[in-house]
Amino acid sequence: MKFFNKDLVLINKGVMGLVTLVANCNHWIGFHIVNGLLEQGLEVEGLVNDKKDDGLTLFFGRNSNFSFFIDKKNNPYDQIIRVGTMNINANLSSGLFMTLAHPSTVNHLTSSNELYIELPLLFGEWMPMTESGMYFQGEFISFSSDNFNQHATYIQDFVARFINWLSTTDLHHINRTVKKINLDKFVGIQDNRPKEDKVKQVIQHYQNYRLRND
């Protein structure tokens, strides 16, 4: 299912008109961020984290708007979106550098033009999980736990909110004294199904994927 407003996103061509680099594109969250941008018809380059399995990147190959990062290419990026705390080349040129990470994983910002987008506890397709719960930073969180029920956000809902925020915010004139941004209160297009239905969908996806690979 798609919950993005394509017309809204494409209005903001001044911010999203050039190539966006997504670092850690083979992380399960990075995978969904890339897909969300591609679904808007935007051009994306993916920087693979060599320390993680790159299996998810196979799904990008058929989209003509996606390409992998080439180290010696000197083209500037309109924006760089880093998922997590993956180290990237400090010489990369970008109008804006955003880090998307959970508050527990970020100690400090590394660039003067860096914005930090706080990630909630996210769940969704391709995450590390079992049929009864998910793994977050090595900790198992049951789908029936208070922590999950009170704090977990479906990845597609977050991506829709994030992309709509990108489309309606003049990022090149944003107040640079505001370094940390929480999107919880940002109104975006949401999937209004109950969380339980989304969990069932994620479990079904997990079961289908596991059966195909057994």
# chains A, B, ... in the order shown; residues from 1 in each chain; ligands from 1
call {"tool": "select_by_dssp", "arguments": {"residues": "region 29-128 of chain A", "states": "strand (DSSP E or B)", "output": "ChimeraX atom specification"}}
result
/A:44-47,66-68,77,79-83,94,97-101,114-118,121-123
call {"tool": "closest_atom_pairs", "arguments": {"of": "region 81-103 of chain A", "to": "region 157-172 of chain A", "cutoff": "12 Å", "atoms": "only C-alpha atoms", "output": "Markdown table"}}
result
| residue | atom | partner | partner_atom | distance |
| --- | --- | --- | --- | --- |
| A:Ile81 | CA | A:Leu166 | CA | 11.3 |
| A:Ser94 | CA | A:His172 | CA | 10.9 |
| A:Gly95 | CA | A:His172 | CA | 7.2 |
| A:Leu96 | CA | A:His172 | CA | 7.3 |
| A:Phe97 | CA | A:Leu171 | CA | 10.2 |
| A:Met98 | CA | A:Leu171 | CA | 10.3 |
| A:Leu100 | CA | A:Phe162 | CA | 10.0 |
call {"tool": "closest_residue", "arguments": {"among": "A:Ser132, A:Leu38, A:Lys51, A:Val44", "to": "Asn26 (chain A)", "atoms": "only C-alpha atoms"}}
result
A:Lys51
call {"tool": "atom_distance", "arguments": {"atom1": "CA of Ile203 (chain A)", "atom2": "CA of Ile141 (chain A)"}}
result
14.1 Å
call {"tool": "residues_around", "arguments": {"residues": "Tyr154 (chain A)", "least_positions_apart": "4", "cutoff": "8 Å", "atoms": "only C-alpha atoms", "output": "PyMOL selection string"}}
result
chain A and resi 122-124+158+195+198
call {"tool": "residues_around", "arguments": {"residues": "Ser64 (chain A)", "least_positions_apart": "4", "cutoff": "12 Å", "atoms": "only C-alpha atoms", "output": "VMD selection string"}}
result
chain A and resid 38 to 39 41 to 45 59 to 60 68
call {"tool": "atom_distance", "arguments": {"atom1": "CA of Val19 (chain A)", "atom2": "CA of Lys180 (chain A)"}}
result
23.5 Å
call {"tool": "closest_residue", "arguments": {"among": "A:Tyr209, A:Gln156, A:Ile33, A:Tyr135", "to": "Arg193 (chain A)", "atoms": "only C-alpha atoms"}}
result
A:Gln156
call {"tool": "select_by_dssp", "arguments": {"residues": "region 36-178 of chain A", "states": "helix (DSSP H, G or I)", "output": "JSON, numbers by chain"}}
result
{"A": [36, 37, 38, 55, 56, 57, 58, 59, 103, 104, 105, 146, 147, 148, 149, 150, 151, 155, 156, 157, 158, 159, 160, 161, 162, 163, 164, 165, 166, 167, 168, 171, 172, 173]}
call {"tool": "atom_distance", "arguments": {"atom1": "CA of Leu119 (chain A)", "atom2": "CA of Gln204 (chain A)"}}
result
24.4 Å
call {"tool": "residues_around", "arguments": {"residues": "Val202 (chain A)", "least_positions_apart": "5", "cutoff": "10 Å", "atoms": "only C-alpha atoms", "output": "VMD selection string"}}
result
chain A and resid 123 to 127 129 131 154 196 to 197 207 to 208
call {"tool": "residues_around", "arguments": {"residues": "His27 (chain A)", "least_positions_apart": "5", "cutoff": "8 Å", "atoms": "only C-alpha atoms", "output": "number ranges by chain"}}
result
A: 49, 52, 56, 83
call {"tool": "closest_residue", "arguments": {"among": "A:Leu37, A:Leu58, A:Leu21, A:Ala152", "to": "Asp184 (chain A)", "atoms": "only C-alpha atoms"}}
result
A:Ala152
call {"tool": "decode", "arguments": {"residues": "region 193-207 of chain A", "atoms": "all heavy atoms", "output": "PDB file, in the first residue's frame"}}
result
ATOM      1  N   ARG A 193      -5.482   2.000   9.459  1.00  0.00           N
ATOM      2  CA  ARG A 193      -5.803   0.678  10.002  1.00  0.00           C
ATOM      3  C   ARG A 193      -5.269   0.556  11.426  1.00  0.00           C
ATOM      4  O   ARG A 193      -4.257   1.167  11.773  1.00  0.00           O
ATOM      5  CB  ARG A 193      -5.177  -0.412   9.140  1.00  0.00           C
ATOM      6  CG  ARG A 193      -5.750  -0.564   7.745  1.00  0.00           C
ATOM      7  CD  ARG A 193      -4.992  -1.643   6.992  1.00  0.00           C
ATOM      8  NE  ARG A 193      -3.572  -1.303   6.871  1.00  0.00           N
ATOM      9  CZ  ARG A 193      -2.615  -2.199   6.653  1.00  0.00           C
ATOM     10  NH1 ARG A 193      -2.905  -3.487   6.566  1.00  0.00           N
ATOM     11  NH2 ARG A 193      -1.356  -1.816   6.536  1.00  0.00           N
ATOM     12  N   PRO A 194      -5.905  -0.276  12.255  1.00  0.00           N
ATOM     13  CA  PRO A 194      -5.368  -0.508  13.605  1.00  0.00           C
ATOM     14  C   PRO A 194      -3.968  -1.097  13.543  1.00  0.00           C
ATOM     15  O   PRO A 194      -3.607  -1.790  12.579  1.00  0.00           O
ATOM     16  CB  PRO A 194      -6.364  -1.510  14.215  1.00  0.00           C
ATOM     17  CG  PRO A 194      -7.603  -1.385  13.395  1.00  0.00           C
ATOM     18  CD  PRO A 194      -7.168  -0.996  12.017  1.00  0.00           C
ATOM     19  N   LYS A 195      -3.179  -0.815  14.565  1.00  0.00           N
ATOM     20  CA  LYS A 195      -1.811  -1.338  14.609  1.00  0.00           C
ATOM     21  C   LYS A 195      -1.807  -2.864  14.510  1.00  0.00           C
ATOM     22  O   LYS A 195      -0.912  -3.453  13.889  1.00  0.00           O
ATOM     23  CB  LYS A 195      -1.121  -0.886  15.895  1.00  0.00           C
ATOM     24  CG  LYS A 195       0.344  -1.335  15.986  1.00  0.00           C
ATOM     25  CD  LYS A 195       0.992  -0.914  17.287  1.00  0.00           C
ATOM     26  CE  LYS A 195       1.199   0.582  17.369  1.00  0.00           C
ATOM     27  NZ  LYS A 195       1.968   0.969  18.574  1.00  0.00           N
ATOM     28  N   GLU A 196      -2.803  -3.509  15.101  1.00  0.00           N
ATOM     29  CA  GLU A 196      -2.863  -4.973  15.065  1.00  0.00           C
ATOM     30  C   GLU A 196      -2.903  -5.494  13.629  1.00  0.00           C
ATOM     31  O   GLU A 196      -2.289  -6.522  13.318  1.00  0.00           O
ATOM     32  CB  GLU A 196      -4.095  -5.471  15.829  1.00  0.00           C
ATOM     33  CG  GLU A 196      -4.057  -5.233  17.330  1.00  0.00           C
ATOM     34  CD  GLU A 196      -4.443  -3.806  17.716  1.00  0.00           C
ATOM     35  OE1 GLU A 196      -4.814  -3.012  16.808  1.00  0.00           O
ATOM     36  OE2 GLU A 196      -4.368  -3.480  18.919  1.00  0.00           O
ATOM     37  N   ASP A 197      -3.612  -4.799  12.752  1.00  0.00           N
ATOM     38  CA  ASP A 197      -3.687  -5.225  11.351  1.00  0.00           C
ATOM     39  C   ASP A 197      -2.341  -5.072  10.661  1.00  0.00           C
ATOM     40  O   ASP A 197      -1.955  -5.898   9.817  1.00  0.00           O
ATOM     41  CB  ASP A 197      -4.747  -4.414  10.610  1.00  0.00           C
ATOM     42  CG  ASP A 197      -6.166  -4.753  11.049  1.00  0.00           C
ATOM     43  OD1 ASP A 197      -6.338  -5.727  11.815  1.00  0.00           O
ATOM     44  OD2 ASP A 197      -7.096  -4.028  10.653  1.00  0.00           O
ATOM     45  N   LYS A 198      -1.624  -4.024  10.994  1.00  0.00           N
ATOM     46  CA  LYS A 198      -0.313  -3.809  10.392  1.00  0.00           C
ATOM     47  C   LYS A 198       0.677  -4.871  10.870  1.00  0.00           C
ATOM     48  O   LYS A 198       1.505  -5.355  10.097  1.00  0.00           O
ATOM     49  CB  LYS A 198       0.186  -2.405  10.730  1.00  0.00           C
ATOM     50  CG  LYS A 198      -0.721  -1.308  10.192  1.00  0.00           C
ATOM     51  CD  LYS A 198      -0.330   0.055  10.733  1.00  0.00           C
ATOM     52  CE  LYS A 198      -1.342   1.115  10.332  1.00  0.00           C
ATOM     53  NZ  LYS A 198      -1.044   2.443  10.884  1.00  0.00           N
ATOM     54  N   VAL A 199       0.582  -5.231  12.154  1.00  0.00           N
ATOM     55  CA  VAL A 199       1.438  -6.290  12.694  1.00  0.00           C
ATOM     56  C   VAL A 199       1.153  -7.608  11.977  1.00  0.00           C
ATOM     57  O   VAL A 199       2.078  -8.341  11.590  1.00  0.00           O
ATOM     58  CB  VAL A 199       1.245  -6.436  14.216  1.00  0.00           C
ATOM     59  CG1 VAL A 199       1.964  -7.681  14.732  1.00  0.00           C
ATOM     60  CG2 VAL A 199       1.757  -5.201  14.937  1.00  0.00           C
ATOM     61  N   LYS A 200      -0.116  -7.928  11.764  1.00  0.00           N
ATOM     62  CA  LYS A 200      -0.481  -9.160  11.060  1.00  0.00           C
ATOM     63  C   LYS A 200       0.092  -9.159   9.647  1.00  0.00           C
ATOM     64  O   LYS A 200       0.561 -10.188   9.148  1.00  0.00           O
ATOM     65  CB  LYS A 200      -2.005  -9.299  11.006  1.00  0.00           C
ATOM     66  CG  LYS A 200      -2.644  -9.632  12.349  1.00  0.00           C
ATOM     67  CD  LYS A 200      -4.163  -9.712  12.218  1.00  0.00           C
ATOM     68  CE  LYS A 200      -4.810  -9.987  13.571  1.00  0.00           C
ATOM     69  NZ  LYS A 200      -6.300 -10.016  13.470  1.00  0.00           N
ATOM     70  N   GLN A 201       0.058  -8.009   8.991  1.00  0.00           N
ATOM     71  CA  GLN A 201       0.615  -7.907   7.639  1.00  0.00           C
ATOM     72  C   GLN A 201       2.120  -8.158   7.651  1.00  0.00           C
ATOM     73  O   GLN A 201       2.650  -8.854   6.778  1.00  0.00           O
ATOM     74  CB  GLN A 201       0.319  -6.521   7.071  1.00  0.00           C
ATOM     75  CG  GLN A 201       0.920  -6.256   5.706  1.00  0.00           C
ATOM     76  CD  GLN A 201       0.601  -4.870   5.194  1.00  0.00           C
ATOM     77  OE1 GLN A 201      -0.568  -4.476   5.158  1.00  0.00           O
ATOM     78  NE2 GLN A 201       1.613  -4.111   4.807  1.00  0.00           N
ATOM     79  N   VAL A 202       2.811  -7.592   8.635  1.00  0.00           N
ATOM     80  CA  VAL A 202       4.265  -7.766   8.735  1.00  0.00           C
ATOM     81  C   VAL A 202       4.605  -9.230   9.031  1.00  0.00           C
ATOM     82  O   VAL A 202       5.555  -9.786   8.458  1.00  0.00           O
ATOM     83  CB  VAL A 202       4.839  -6.833   9.822  1.00  0.00           C
ATOM     84  CG1 VAL A 202       6.298  -7.156  10.104  1.00  0.00           C
ATOM     85  CG2 VAL A 202       4.695  -5.373   9.392  1.00  0.00           C
ATOM     86  N   ILE A 203       3.833  -9.857   9.914  1.00  0.00           N
ATOM     87  CA  ILE A 203       4.065 -11.267  10.222  1.00  0.00           C
ATOM     88  C   ILE A 203       3.829 -12.127   8.988  1.00  0.00           C
ATOM     89  O   ILE A 203       4.595 -13.060   8.696  1.00  0.00           O
ATOM     90  CB  ILE A 203       3.160 -11.726  11.388  1.00  0.00           C
ATOM     91  CG1 ILE A 203       3.568 -11.022  12.682  1.00  0.00           C
ATOM     92  CG2 ILE A 203       3.239 -13.240  11.566  1.00  0.00           C
ATOM     93  CD1 ILE A 203       2.640 -11.291  13.851  1.00  0.00           C
ATOM     94  N   GLN A 204       2.771 -11.824   8.221  1.00  0.00           N
ATOM     95  CA  GLN A 204       2.494 -12.581   7.003  1.00  0.00           C
ATOM     96  C   GLN A 204       3.625 -12.434   5.997  1.00  0.00           C
ATOM     97  O   GLN A 204       4.039 -13.413   5.356  1.00  0.00           O
ATOM     98  CB  GLN A 204       1.177 -12.101   6.383  1.00  0.00           C
ATOM     99  CG  GLN A 204       0.734 -12.929   5.177  1.00  0.00           C
ATOM    100  CD  GLN A 204       0.435 -14.366   5.542  1.00  0.00           C
ATOM    101  OE1 GLN A 204      -0.406 -14.626   6.397  1.00  0.00           O
ATOM    102  NE2 GLN A 204       1.117 -15.305   4.909  1.00  0.00           N
ATOM    103  N   HIS A 205       4.145 -11.229   5.864  1.00  0.00           N
ATOM    104  CA  HIS A 205       5.284 -10.993   4.969  1.00  0.00           C
ATOM    105  C   HIS A 205       6.493 -11.803   5.429  1.00  0.00           C
ATOM    106  O   HIS A 205       7.185 -12.440   4.617  1.00  0.00           O
ATOM    107  CB  HIS A 205       5.626  -9.500   4.960  1.00  0.00           C
ATOM    108  CG  HIS A 205       6.849  -9.164   4.168  1.00  0.00           C
ATOM    109  ND1 HIS A 205       8.123  -9.186   4.724  1.00  0.00           N
ATOM    110  CD2 HIS A 205       7.015  -8.796   2.871  1.00  0.00           C
ATOM    111  CE1 HIS A 205       8.999  -8.844   3.812  1.00  0.00           C
ATOM    112  NE2 HIS A 205       8.361  -8.601   2.681  1.00  0.00           N
ATOM    113  N   TYR A 206       6.746 -11.807   6.724  1.00  0.00           N
ATOM    114  CA  TYR A 206       7.861 -12.574   7.293  1.00  0.00           C
ATOM    115  C   TYR A 206       7.694 -14.058   7.005  1.00  0.00           C
ATOM    116  O   TYR A 206       8.647 -14.740   6.599  1.00  0.00           O
ATOM    117  CB  TYR A 206       7.931 -12.318   8.797  1.00  0.00           C
ATOM    118  CG  TYR A 206       8.849 -13.243   9.552  1.00  0.00           C
ATOM    119  CD1 TYR A 206      10.234 -13.101   9.492  1.00  0.00           C
ATOM    120  CD2 TYR A 206       8.316 -14.269  10.340  1.00  0.00           C
ATOM    121  CE1 TYR A 206      11.068 -13.946  10.193  1.00  0.00           C
ATOM    122  CE2 TYR A 206       9.150 -15.116  11.044  1.00  0.00           C
ATOM    123  CZ  TYR A 206      10.519 -14.963  10.970  1.00  0.00           C
ATOM    124  OH  TYR A 206      11.345 -15.808  11.666  1.00  0.00           O
ATOM    125  N   GLN A 207       6.487 -14.580   7.182  1.00  0.00           N
ATOM    126  CA  GLN A 207       6.226 -16.000   6.943  1.00  0.00           C
ATOM    127  C   GLN A 207       6.397 -16.346   5.469  1.00  0.00           C
ATOM    128  O   GLN A 207       6.997 -17.377   5.136  1.00  0.00           O
ATOM    129  CB  GLN A 207       4.817 -16.361   7.421  1.00  0.00           C
ATOM    130  CG  GLN A 207       4.641 -16.299   8.918  1.00  0.00           C
ATOM    131  CD  GLN A 207       3.188 -16.457   9.346  1.00  0.00           C
ATOM    132  OE1 GLN A 207       2.262 -16.160   8.581  1.00  0.00           O
ATOM    133  NE2 GLN A 207       2.974 -16.911  10.572  1.00  0.00           N
TER     134      GLN A 207
END
